[in-house]
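K.L.:
So here's entry_12.txt (compact mmCIF, C-alpha atoms).
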# COMPACT_ATOMS: atom_id res chain seq x y z
CA MET V 4 -85.06 142.32 -86.74
CA ASP V 5 -82.38 140.56 -84.73
CA LYS V 6 -84.03 139.55 -81.43
CA LYS V 7 -80.80 140.26 -79.60
CA LYS V 8 -81.15 143.93 -80.57
CA GLU V 9 -84.82 144.19 -79.65
CA LYS V 10 -85.55 146.39 -76.70
CA LYS V 11 -86.51 144.38 -73.64
CA PRO V 12 -89.81 145.20 -71.92
CA LYS V 13 -89.36 147.01 -68.62
CA ALA V 14 -91.12 146.67 -65.29
CA VAL V 15 -91.04 149.28 -62.54
CA ILE V 16 -91.41 147.56 -59.16
CA VAL V 17 -92.38 149.69 -56.17
CA GLY V 18 -91.18 148.09 -52.96
CA GLY V 19 -87.85 146.44 -52.20
CA SER V 20 -88.94 143.93 -49.61
CA ILE V 21 -89.04 140.18 -50.27
CA ALA V 22 -92.06 140.48 -52.58
CA GLY V 23 -90.40 143.14 -54.73
CA LEU V 24 -87.05 141.36 -54.93
CA SER V 25 -88.76 138.06 -55.76
CA CYS V 26 -90.63 139.80 -58.56
CA ALA V 27 -87.38 141.26 -59.88
CA HIS V 28 -85.86 137.77 -60.05
CA ALA V 29 -88.95 136.23 -61.63
CA LEU V 30 -89.16 138.86 -64.37
CA ILE V 31 -85.44 138.99 -65.14
CA VAL V 32 -85.33 135.26 -65.87
CA ARG V 33 -88.29 135.78 -68.22
CA GLY V 34 -86.43 138.36 -70.27
CA TRP V 35 -87.58 141.63 -68.71
CA ASP V 36 -85.58 144.63 -67.56
CA VAL V 37 -86.58 145.72 -64.08
CA VAL V 38 -85.97 148.56 -61.68
CA VAL V 39 -86.96 148.35 -58.03
CA LEU V 40 -87.83 151.57 -56.20
CA GLU V 41 -87.34 151.35 -52.44
CA LYS V 42 -87.74 154.22 -49.98
CA SER V 43 -85.20 152.81 -47.48
CA ILE V 44 -81.89 154.63 -47.88
CA ALA V 45 -79.76 151.47 -47.93
CA PRO V 46 -80.05 147.67 -47.77
CA PRO V 47 -81.06 146.56 -44.27
CA ALA V 48 -78.17 145.58 -42.04
CA GLY V 49 -80.65 143.72 -39.82
CA SER V 50 -84.31 142.82 -40.02
CA PRO V 51 -86.71 145.78 -39.88
CA THR V 52 -89.23 143.46 -38.29
CA GLY V 53 -86.77 141.33 -36.32
CA ALA V 54 -88.73 138.29 -37.42
CA GLY V 55 -88.47 134.78 -38.68
CA LEU V 56 -90.59 133.23 -41.42
CA GLY V 57 -91.39 129.78 -42.83
CA LEU V 58 -90.80 128.81 -46.46
CA ASP V 59 -92.93 126.07 -48.02
CA PRO V 60 -91.35 123.56 -50.45
CA LEU V 61 -92.53 125.34 -53.60
CA ALA V 62 -91.20 128.70 -52.42
CA GLN V 63 -87.90 126.99 -51.62
CA LYS V 64 -87.65 125.60 -55.17
CA LEU V 65 -88.43 128.97 -56.72
CA ILE V 66 -85.85 130.81 -54.62
CA GLU V 67 -83.21 128.16 -55.34
CA SER V 68 -83.84 128.57 -59.08
CA TRP V 69 -83.35 132.34 -58.81
CA LEU V 70 -80.20 132.10 -56.73
CA GLY V 71 -78.51 129.74 -59.16
CA GLN V 72 -76.84 127.95 -56.24
CA PRO V 73 -79.50 125.81 -54.53
CA GLU V 74 -77.29 125.01 -51.55
CA ARG V 75 -77.21 128.68 -50.52
CA LEU V 76 -80.80 128.63 -49.27
CA SER V 77 -80.25 125.43 -47.29
CA LYS V 78 -77.15 126.91 -45.67
CA ASP V 79 -79.07 130.01 -44.54
CA THR V 80 -82.16 128.24 -43.16
CA LEU V 81 -83.13 125.49 -40.74
CA PRO V 82 -85.61 122.66 -41.36
CA LEU V 83 -89.14 122.77 -40.01
CA ILE V 84 -90.25 119.21 -40.55
CA ILE V 85 -92.75 119.07 -37.67
CA ASP V 86 -95.90 121.13 -37.09
CA GLN V 87 -96.98 120.71 -33.47
CA ASN V 88 -99.90 122.25 -31.61
CA GLN V 89 -99.88 121.93 -27.85
CA ALA V 90 -101.91 123.29 -24.96
CA THR V 91 -100.61 125.11 -21.89
CA ASP V 92 -102.28 125.21 -18.49
CA SER V 93 -101.33 128.62 -17.10
CA GLU V 94 -102.05 127.62 -13.50
CA LYS V 95 -100.28 124.27 -13.41
CA LYS V 96 -97.54 125.44 -15.84
CA ILE V 97 -97.68 122.25 -17.87
CA SER V 98 -98.09 121.60 -21.61
CA TRP V 99 -99.45 118.66 -23.59
CA THR V 100 -99.59 117.80 -27.29
CA LEU V 101 -102.81 118.29 -29.26
CA THR V 102 -101.65 117.54 -32.83
CA ARG V 103 -98.33 116.62 -34.46
CA ASP V 104 -97.59 116.49 -38.19
CA GLU V 105 -94.14 115.06 -38.96
CA ASN V 106 -94.38 115.64 -42.73
CA PHE V 107 -94.32 119.43 -42.71
CA ASN V 108 -91.21 120.05 -44.85
CA PHE V 109 -90.90 123.83 -44.43
CA ARG V 110 -87.70 125.75 -43.69
CA ALA V 111 -87.20 128.53 -41.16
CA ALA V 112 -85.51 131.73 -42.37
CA TYR V 113 -84.61 135.01 -40.75
CA TRP V 114 -86.10 137.92 -42.71
CA ALA V 115 -82.81 139.76 -43.13
CA ASP V 116 -80.99 136.58 -44.24
CA LEU V 117 -83.54 135.81 -46.96
CA HIS V 118 -83.72 139.42 -48.09
CA GLY V 119 -79.92 139.54 -48.31
CA LEU V 120 -79.79 136.36 -50.40
CA LEU V 121 -82.32 137.71 -52.88
CA TYR V 122 -80.78 141.17 -53.07
CA LYS V 123 -77.15 140.11 -53.46
CA SER V 124 -77.99 137.67 -56.25
CA LEU V 125 -79.61 140.40 -58.39
CA PRO V 126 -77.58 142.26 -61.02
CA PRO V 127 -76.06 145.49 -59.66
CA ASP V 128 -78.05 148.73 -59.77
CA ILE V 129 -81.43 146.98 -60.04
CA VAL V 130 -82.61 148.37 -56.70
CA LEU V 131 -82.69 152.15 -56.32
CA TRP V 132 -82.43 152.81 -52.59
CA GLY V 133 -83.81 156.03 -51.15
CA HIS V 134 -86.42 156.41 -53.91
CA PHE V 135 -89.83 157.22 -52.43
CA PHE V 136 -92.85 156.54 -54.65
CA GLN V 137 -95.04 159.60 -55.23
CA SER V 138 -97.48 158.91 -58.08
CA PHE V 139 -97.93 157.21 -61.43
CA SER V 140 -99.82 157.66 -64.70
CA VAL V 141 -100.69 155.25 -67.50
CA CYS V 142 -100.45 156.66 -71.01
CA HIS V 143 -103.61 157.14 -73.05
CA GLU V 144 -102.85 154.13 -75.27
CA LYS V 145 -102.34 151.91 -72.20
CA THR V 146 -98.91 150.93 -73.50
CA SER V 147 -96.64 152.43 -70.84
CA VAL V 148 -96.57 153.81 -67.34
CA ALA V 149 -94.67 156.76 -65.84
CA VAL V 150 -93.75 156.73 -62.15
CA LYS V 151 -92.74 159.81 -60.16
CA VAL V 152 -90.41 159.27 -57.22
CA GLU V 153 -88.58 161.46 -54.75
CA VAL V 154 -84.87 160.82 -54.38
CA LEU V 155 -84.70 161.16 -50.62
CA PRO V 156 -81.04 162.16 -50.20
CA THR V 157 -81.54 165.17 -52.51
CA GLY V 158 -85.29 165.81 -52.50
CA LYS V 159 -85.27 165.74 -56.30
CA ILE V 160 -88.36 164.43 -58.13
CA ILE V 161 -87.58 162.16 -61.08
CA LYS V 162 -89.65 160.11 -63.53
CA VAL V 163 -89.13 156.42 -64.24
CA ASP V 164 -90.83 154.97 -67.33
CA GLY V 165 -91.78 151.36 -67.98
CA ASP V 166 -94.20 149.02 -69.69
CA LEU V 167 -95.55 147.66 -66.41
CA LEU V 168 -95.94 148.94 -62.85
CA VAL V 169 -95.75 146.28 -60.12
CA ALA V 170 -97.10 147.29 -56.72
CA ALA V 171 -95.10 145.39 -54.11
CA ASP V 172 -95.55 148.13 -51.54
CA GLY V 173 -97.09 146.11 -48.73
CA CYS V 174 -100.41 145.83 -46.96
CA LEU V 175 -100.77 149.64 -46.73
CA SER V 176 -100.13 149.96 -50.48
CA SER V 177 -100.51 153.50 -51.76
CA ILE V 178 -100.78 152.19 -55.34
CA ARG V 179 -103.71 149.98 -54.38
CA GLN V 180 -105.29 152.94 -52.64
CA SER V 181 -105.31 154.91 -55.90
CA PHE V 182 -107.69 152.28 -57.35
CA LEU V 183 -109.54 151.37 -54.15
CA PRO V 184 -109.58 154.59 -52.10
CA ASN V 185 -112.31 153.35 -49.75
CA LEU V 186 -110.67 150.03 -48.93
CA LYS V 187 -109.93 149.70 -45.23
CA LEU V 188 -107.88 146.99 -43.59
CA ARG V 189 -109.74 144.83 -41.09
CA TYR V 190 -108.35 144.69 -37.56
CA SER V 191 -108.15 141.09 -36.39
CA GLY V 192 -108.94 141.78 -32.74
CA TYR V 193 -105.40 141.10 -31.52
CA CYS V 194 -101.78 142.18 -31.77
CA ALA V 195 -98.56 140.16 -31.73
CA TRP V 196 -95.56 140.62 -29.49
CA ARG V 197 -92.54 139.41 -31.45
CA GLY V 198 -88.86 138.92 -30.89
CA VAL V 199 -85.74 136.94 -31.72
CA LEU V 200 -83.50 135.76 -28.88
CA ASP V 201 -79.84 135.61 -29.92
CA PHE V 202 -78.12 133.05 -27.71
CA SER V 203 -74.90 132.73 -29.72
CA ASP V 204 -72.83 134.01 -26.81
CA ASN V 205 -74.52 131.93 -24.16
CA GLU V 206 -75.84 128.68 -25.59
CA SER V 207 -75.24 126.80 -22.33
CA SER V 208 -77.32 129.19 -20.23
CA GLU V 209 -80.11 127.87 -18.04
CA THR V 210 -82.63 129.65 -20.27
CA ILE V 211 -81.48 127.82 -23.40
CA MET V 212 -80.99 124.49 -21.67
CA GLY V 213 -84.44 124.86 -20.15
CA VAL V 214 -86.24 125.76 -23.37
CA ARG V 215 -84.58 122.82 -25.14
CA ARG V 216 -85.84 120.49 -22.42
CA ALA V 217 -89.34 121.93 -22.66
CA TYR V 218 -89.32 121.94 -26.47
CA PRO V 219 -87.13 118.93 -27.33
CA ASP V 220 -87.61 119.20 -31.12
CA LEU V 221 -86.55 122.84 -31.28
CA GLY V 222 -84.41 123.18 -34.39
CA LYS V 223 -86.78 121.16 -36.57
CA CYS V 224 -90.25 121.86 -35.16
CA LEU V 225 -92.77 124.68 -35.50
CA TYR V 226 -94.38 124.88 -32.06
CA PHE V 227 -97.79 126.44 -31.41
CA ASP V 228 -98.71 126.85 -27.73
CA LEU V 229 -102.41 127.44 -27.07
CA GLY V 230 -103.57 129.03 -23.85
CA TYR V 231 -107.02 130.29 -22.94
CA GLY V 232 -107.83 133.04 -25.44
CA THR V 233 -104.24 133.35 -26.63
CA HIS V 234 -101.49 131.46 -28.41
CA SER V 235 -97.78 131.68 -29.12
CA VAL V 236 -95.35 130.44 -31.77
CA LEU V 237 -91.79 129.22 -31.22
CA TYR V 238 -89.08 127.93 -33.56
CA GLU V 239 -85.33 128.10 -33.98
CA LEU V 240 -83.45 130.07 -36.63
CA LEU V 241 -79.96 129.63 -38.01
CA ASN V 242 -76.99 131.00 -36.05
CA LYS V 243 -78.38 130.23 -32.62
CA ARG V 244 -81.49 132.38 -32.59
CA ILE V 245 -85.01 131.61 -31.36
CA ASN V 246 -88.01 133.28 -32.97
CA TRP V 247 -91.15 133.75 -30.87
CA ILE V 248 -94.55 135.36 -31.33
CA TRP V 249 -97.28 135.93 -28.75
CA TYR V 250 -100.79 136.93 -29.91
CA VAL V 251 -102.78 139.04 -27.44
CA ASN V 252 -106.45 140.01 -27.77
CA GLN V 253 -106.91 143.75 -27.31
CA PRO V 254 -108.69 146.83 -28.73
CA GLU V 255 -107.23 148.25 -31.92
CA PRO V 256 -104.28 150.55 -31.11
CA GLU V 257 -103.64 153.80 -32.91
CA LEU V 258 -100.99 153.53 -35.59
CA LYS V 259 -98.81 156.31 -36.86
CA GLY V 260 -97.10 156.48 -40.24
CA TYR V 261 -96.93 153.75 -42.87
CA SER V 262 -96.24 150.71 -40.72
CA VAL V 263 -98.22 148.10 -38.80
CA THR V 264 -95.33 147.80 -36.34
CA MET V 265 -95.76 149.74 -33.09
CA LYS V 266 -93.04 151.33 -31.06
CA VAL V 267 -93.15 150.01 -27.52
CA ARG V 268 -92.18 151.69 -24.28
CA ASP V 269 -90.22 150.11 -21.43
CA ASP V 270 -93.33 149.94 -19.26
CA MET V 271 -95.17 148.03 -21.99
CA ILE V 272 -92.31 145.53 -22.18
CA ARG V 273 -92.29 145.08 -18.41
CA LYS V 274 -96.03 144.43 -18.41
CA MET V 275 -95.63 141.91 -21.22
CA HIS V 276 -92.97 140.08 -19.19
CA GLU V 277 -95.30 139.97 -16.16
CA GLU V 278 -98.19 138.60 -18.22
CA ALA V 279 -95.92 136.03 -19.89
CA GLU V 280 -94.97 134.63 -16.48
CA LYS V 281 -98.67 134.23 -15.67
CA THR V 282 -99.63 132.70 -19.03
CA TRP V 283 -96.82 130.43 -20.22
CA ILE V 284 -94.49 127.80 -18.82
CA PRO V 285 -91.39 129.36 -17.17
CA GLU V 286 -89.04 128.25 -19.97
CA LEU V 287 -90.97 130.19 -22.64
CA ALA V 288 -91.51 133.20 -20.39
CA ARG V 289 -87.74 133.42 -19.79
CA VAL V 290 -87.06 133.40 -23.54
CA MET V 291 -89.43 136.33 -23.95
CA LYS V 292 -87.92 138.19 -20.99
CA GLU V 293 -84.31 137.82 -22.20
CA THR V 294 -85.07 138.94 -25.78
CA LYS V 295 -83.70 142.37 -26.60
CA CYS V 296 -85.93 144.92 -28.36
CA PRO V 297 -89.22 143.02 -28.66
CA PHE V 298 -91.86 144.81 -30.70
CA VAL V 299 -95.56 144.69 -31.51
CA ASN V 300 -97.22 144.00 -34.86
CA VAL V 301 -100.84 145.07 -35.17
CA ILE V 302 -102.54 142.22 -37.05
CA TYR V 303 -104.68 143.18 -40.03
CA ASP V 304 -106.05 141.58 -43.16
CA CYS V 305 -108.81 142.51 -45.59
CA ASP V 306 -111.58 140.70 -47.40
CA PRO V 307 -110.32 139.22 -50.68
CA LEU V 308 -110.10 141.76 -53.50
CA GLU V 309 -112.21 141.32 -56.61
CA ARG V 310 -109.32 142.35 -58.84
CA ILE V 311 -105.57 142.92 -58.59
CA ILE V 312 -104.85 144.35 -62.05
CA TRP V 313 -105.70 147.66 -63.71
CA ASP V 314 -104.40 148.54 -67.18
CA ASN V 315 -100.58 148.34 -66.88
CA VAL V 316 -100.61 148.01 -63.09
CA VAL V 317 -100.52 144.77 -61.08
CA LEU V 318 -100.53 144.08 -57.34
CA ILE V 319 -98.41 141.36 -55.74
CA GLY V 320 -97.68 140.23 -52.19
CA ASP V 321 -99.35 141.96 -49.27
CA ALA V 322 -100.50 144.76 -51.58
CA ALA V 323 -102.67 142.18 -53.36
CA HIS V 324 -103.81 140.16 -50.34
CA PRO V 325 -103.17 141.53 -46.83
CA THR V 326 -103.35 138.47 -44.60
CA THR V 327 -102.95 137.40 -41.02
CA PRO V 328 -99.82 135.29 -40.38
CA HIS V 329 -101.40 132.08 -39.07
CA GLY V 330 -101.01 130.01 -42.20
CA LEU V 331 -97.39 131.04 -42.87
CA ARG V 332 -98.66 132.35 -46.19
CA SER V 333 -97.60 135.99 -46.56
CA THR V 334 -94.03 135.43 -47.80
CA ASN V 335 -94.93 132.23 -49.64
CA MET V 336 -97.85 133.89 -51.44
CA SER V 337 -95.58 136.78 -52.46
CA ILE V 338 -92.99 134.42 -53.95
CA LEU V 339 -95.60 132.46 -55.89
CA ASP V 340 -97.24 135.72 -57.07
CA ALA V 341 -93.89 136.76 -58.53
CA ALA V 342 -93.25 133.42 -60.21
CA THR V 343 -96.76 133.26 -61.70
CA LEU V 344 -96.53 136.82 -63.00
CA GLY V 345 -93.21 136.02 -64.67
CA LYS V 346 -94.63 132.94 -66.41
CA CYS V 347 -97.67 134.83 -67.68
CA LEU V 348 -95.56 137.69 -69.02
CA GLU V 349 -93.29 135.26 -70.85
CA LYS V 350 -96.26 133.36 -72.29
CA TYR V 351 -98.01 136.39 -73.80
CA GLY V 352 -95.19 138.89 -74.31
CA VAL V 353 -95.37 142.64 -73.75
CA GLU V 354 -97.46 143.04 -76.91
CA ASN V 355 -100.25 141.12 -75.13
CA LEU V 356 -99.60 142.52 -71.67
CA HIS V 357 -103.24 142.79 -70.71
CA LEU V 358 -103.85 139.12 -71.54
CA ALA V 359 -100.85 138.20 -69.40
CA LEU V 360 -102.16 140.21 -66.45
CA GLN V 361 -105.65 138.76 -66.82
CA GLU V 362 -104.24 135.24 -66.69
CA TYR V 363 -102.11 136.11 -63.65
CA GLN V 364 -105.23 137.39 -61.89
CA SER V 365 -107.31 134.36 -62.88
CA ILE V 366 -104.65 132.01 -61.47
CA ARG V 367 -103.79 133.79 -58.25
CA LEU V 368 -107.05 135.34 -57.03
CA PRO V 369 -108.93 132.08 -56.33
CA VAL V 370 -105.96 130.70 -54.42
CA VAL V 371 -105.01 133.69 -52.28
CA SER V 372 -108.65 134.55 -51.54
CA LYS V 373 -109.26 131.17 -49.91
CA GLN V 374 -105.92 131.26 -48.10
CA VAL V 375 -106.55 134.72 -46.63
CA LEU V 376 -109.93 133.64 -45.27
CA HIS V 377 -108.55 130.36 -43.91
CA SER V 378 -105.70 132.17 -42.17
CA ARG V 379 -108.25 134.55 -40.62
CA ARG V 380 -110.25 131.56 -39.38
CA MET V 381 -107.19 129.86 -37.89
CA GLY V 382 -106.28 133.01 -36.00
CA ARG V 383 -109.74 133.44 -34.53
CA ILE V 384 -109.89 129.79 -33.47
CA LYS V 385 -106.51 129.91 -31.75
CA GLN V 386 -107.36 133.22 -30.05
CA GLY V 387 -110.69 131.89 -28.77
CA LEU V 388 -112.68 134.44 -30.76
CA LYS V 389 -116.15 133.99 -32.23
CA LEU V 390 -116.86 132.51 -35.65
CA CYS V 391 -120.22 132.47 -37.38
CA ASP V 392 -120.28 128.68 -37.79
CA ARG V 393 -118.81 127.45 -34.53
CA LYS V 394 -118.43 128.19 -30.84
CA CYS V 395 -115.28 129.76 -29.47
CA PHE V 396 -112.45 127.25 -29.25
CA ASP V 397 -112.18 125.94 -25.69
CA LEU V 398 -109.22 123.78 -24.73
CA LYS V 399 -111.25 122.01 -22.04
CA ARG V 400 -114.19 121.14 -24.29
CA ALA V 401 -112.53 120.76 -27.72
CA SER V 402 -112.81 117.45 -29.55
CA VAL V 403 -110.17 115.56 -31.52
CA GLU V 404 -111.76 116.98 -34.68
CA ASP V 405 -111.37 120.50 -33.26
CA TYR V 406 -107.69 119.84 -32.62
CA GLN V 407 -107.13 118.61 -36.18
CA GLU V 408 -108.43 121.92 -37.52
CA LEU V 409 -105.39 123.60 -35.97
CA GLN V 410 -102.90 121.96 -38.34
CA GLN V 411 -101.19 123.88 -41.11
CA ASN V 412 -101.97 121.20 -43.69
CA ASN V 413 -105.63 122.26 -43.68
CA MET V 414 -104.69 125.41 -45.58
CA PRO V 415 -106.42 125.48 -49.01
CA PHE V 416 -104.01 124.49 -51.80
CA PHE V 417 -101.50 123.33 -49.18
CA ALA V 418 -100.69 120.26 -51.26
CA ASP V 419 -99.83 122.47 -54.24
CA ALA V 420 -97.04 124.01 -52.19
CA LEU V 421 -95.51 120.55 -51.73
CA CYS V 422 -94.97 120.09 -55.47
For the file at hand, write its structure as structure tokens.
P.N.:
Amino acid sequence: MDKKKEKKPKAVIVGGSIAGLSCAHALIVRGWDVVVLEKSIAPPAGSPTGAGLGLDPLAQKLIESWLGQPERLSKDTLPLIIDQNQATDSEKKISWTLTRDENFNFRAAYWADLHGLLYKSLPPDIVLWGHFFQSFSVCHEKTSVAVKVEVLPTGKIIKVDGDLLVAADGCLSSIRQSFLPNLKLRYSGYCAWRGVLDFSDNESSETIMGVRRAYPDLGKCLYFDLGYGTHSVLYELLNKRINWIWYVNQPEPELKGYSVTMKVRDDMIRKMHEEAEKTWIPELARVMKETKCPFVNVIYDCDPLERIIWDNVVLIGDAAHPTTPHGLRSTNMSILDAATLGKCLEKYGVENLHLALQEYQSIRLPVVSKQVLHSRRMGRIKQGLKLCDRKCFDLKRASVEDYQELQQNNMPFFADALC
């Protein structure tokens, strides 16, 4: 039979975030047809999380290969060539450097910018917006999968068939729950205030001039500020925006719906501003105070899963490995998941799908398992929380060796990401 007339294998991807779109790219270039089911009614006009993210060198290469125009990613991101940890004395309002790595080689992206790049470079009609996943079934012969979705604008239930179901539906994955109904996410012990300050209309303001004096390498540096039992993150994004995160130890809040992002009231924002003035240097506190619509992420992860494949179903991204954000791994792991899955599917073909999925699992599980646990450890150290093998991190008593443990390049398999 003429190979050109052979029917392509088809993957049904649930979730149209960066993990799902990356998977669509990775499978298309390997000869698969794909359809992405996303419950959001339309492509995001802005970021649903209002957040920045860091791309490691390997993720950059993979995205550039999918876009077909490598310069596009560089134009939409800023370099992060320095990883710096510094300490802040909340009483004296001074900061000093603990560690500095000038060979970091990441790039800073705004979530919506990266999502837009990936989405717009896909063939038309790949993503079905407003399609809410309901359930799935694998046929008796394990050769196909049927997915039921609700078309939100009409309420109609339709069926989408494929050879493979890819769960890219996030850390609260309903597909994962069908296999692991008793799995519970682990609360980290803290939440994160987040925001992006847009200073495009006022780049000569005292706030911006002040933060550039206090953080002179802003625009190429990933800054971590450590206080006593807390820490913050600061870096610049393209188009005159500053991304910041502030981690705060607190009891687990009650979440509603299918999101780890909390709605915040005006009184909560005012209290955050007051605490920021007490905790951080004035220049950082002003950035937080002038940011419109800050929000709170509740920080979860889970112990590494023993498996991420079942029959014709595979987990990728946060569905496969919910992780805390301290190693800048979530997006990067999702992109590498997608690329690895694509290579395995091409190697074995749809006729040996289960071998392809087994190889994907054997490659990715050892890596992501160690990275999830290391990210958890980094978060607990920086938040001054207990660990079974060491005392709580104390800025006043920490050694040079303790400081070195704060660096991003300690992440397991970090060197692999530099390839």
K.L.:
CA of Leu101 in chain V and CA of Pro285 in chain V, how far apart in Å?
P.N.:
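Separation of CA of Pro285 in chain V and CA of Leu101 in chain V: 20.0 Å.
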K.L.:
Could you check the closest approach to Gly213 in chain V for each of V:Asp59, V:Glu408, V:Glu286, V:Asp321 and tell me which residue wins, using all atoms listed in the file?
P.N.:
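Smallest separation from Gly213 in chain V among the options: V:Glu286.
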K.L.:
At a cut-off of 8 Å, using all atoms listed in the file, what residues contact Cys347 in chain V? Leave out same-chain residues fewer than 5 positions from it and give the result as a PDB file with C-alpha atoms, in the frame of the given file.
P.N.:
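Generated file (result-v3.pdb):
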ATOM      1  CA  ALA V 359    -100.850 138.200 -69.400  1.00  0.00           C
ATOM      2  CA  LEU V 360    -102.160 140.210 -66.450  1.00  0.00           C
ATOM      3  CA  GLU V 362    -104.240 135.240 -66.690  1.00  0.00           C
ATOM      4  CA  TYR V 363    -102.110 136.110 -63.650  1.00  0.00           C
TER       5      TYR V 363
END
K.L.:
When you draw a straight line from CA of His28 in chain V to CA of Lys11 in chain V, how long is it in Å?
P.N.:
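Value for the CA of His28 in chain V-CA of Lys11 in chain V distance: 15.1 Å.
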K.L.:
Please identify all polymer residues within 12 Å of range 378-390 of chain V, counting only C-alpha atoms, omitting same-chain residues fewer than 6 positions from it, and present them as a ChimeraX atom specification.
P.N.:
/V:88-90,189-195,227-236,249-253,302-307,324-333,371-372,396-399,401,405-415
K.L.:
Find the residues near Met275 in chain V: any atom within 12 Å, counting all atoms listed in the file, skip ones fewer than 5 places away on the same chain, and give them as a VMD selection string.
P.N.:
chain V and resid 195 to 197 249 to 251 267 to 270 280 to 283 288 to 289 291 to 292 294 297 to 299
K.L.:
Considering all atoms listed in the file, state which residue in the set V:Arg367, V:Arg33, V:Lys10, V:Lys95 is at the smallest distance from Glu309 in chain V.
P.N.:
V:Arg367
K.L.:
Please check which residues have atoms at most 10 Å from (-93.1, 153.7, -70.9) in the file's coordinates, counting only C-alpha atoms, and write them as a ChimeraX atom specification.
P.N.:
/V:12-15,140-142,145-150,163-168
K.L.:
Quick one, how far is CA of Lys42 in chain V from CA of Val152 in chain V?
P.N.:
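Pair CA of Lys42 in chain V / CA of Val152 in chain V returns 9.2 Å.
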K.L.:
For each of V:Ile245, V:Ile284, V:Val370, V:Ala22, take the minimum atom-to-atom distance to Ala62 in chain V, counting all atoms listed in the file, then give the residue where this is smallest.
P.N.:
V:Ala22
K.L.:
Which residues come within 9 Å of Val17 in chain V, counting only C-alpha atoms, excluding same-chain residues fewer than 6 positions away, as a PyMOL selection string?
P.N.:
chain V and resi 23+38-42+135-136+168-172+178
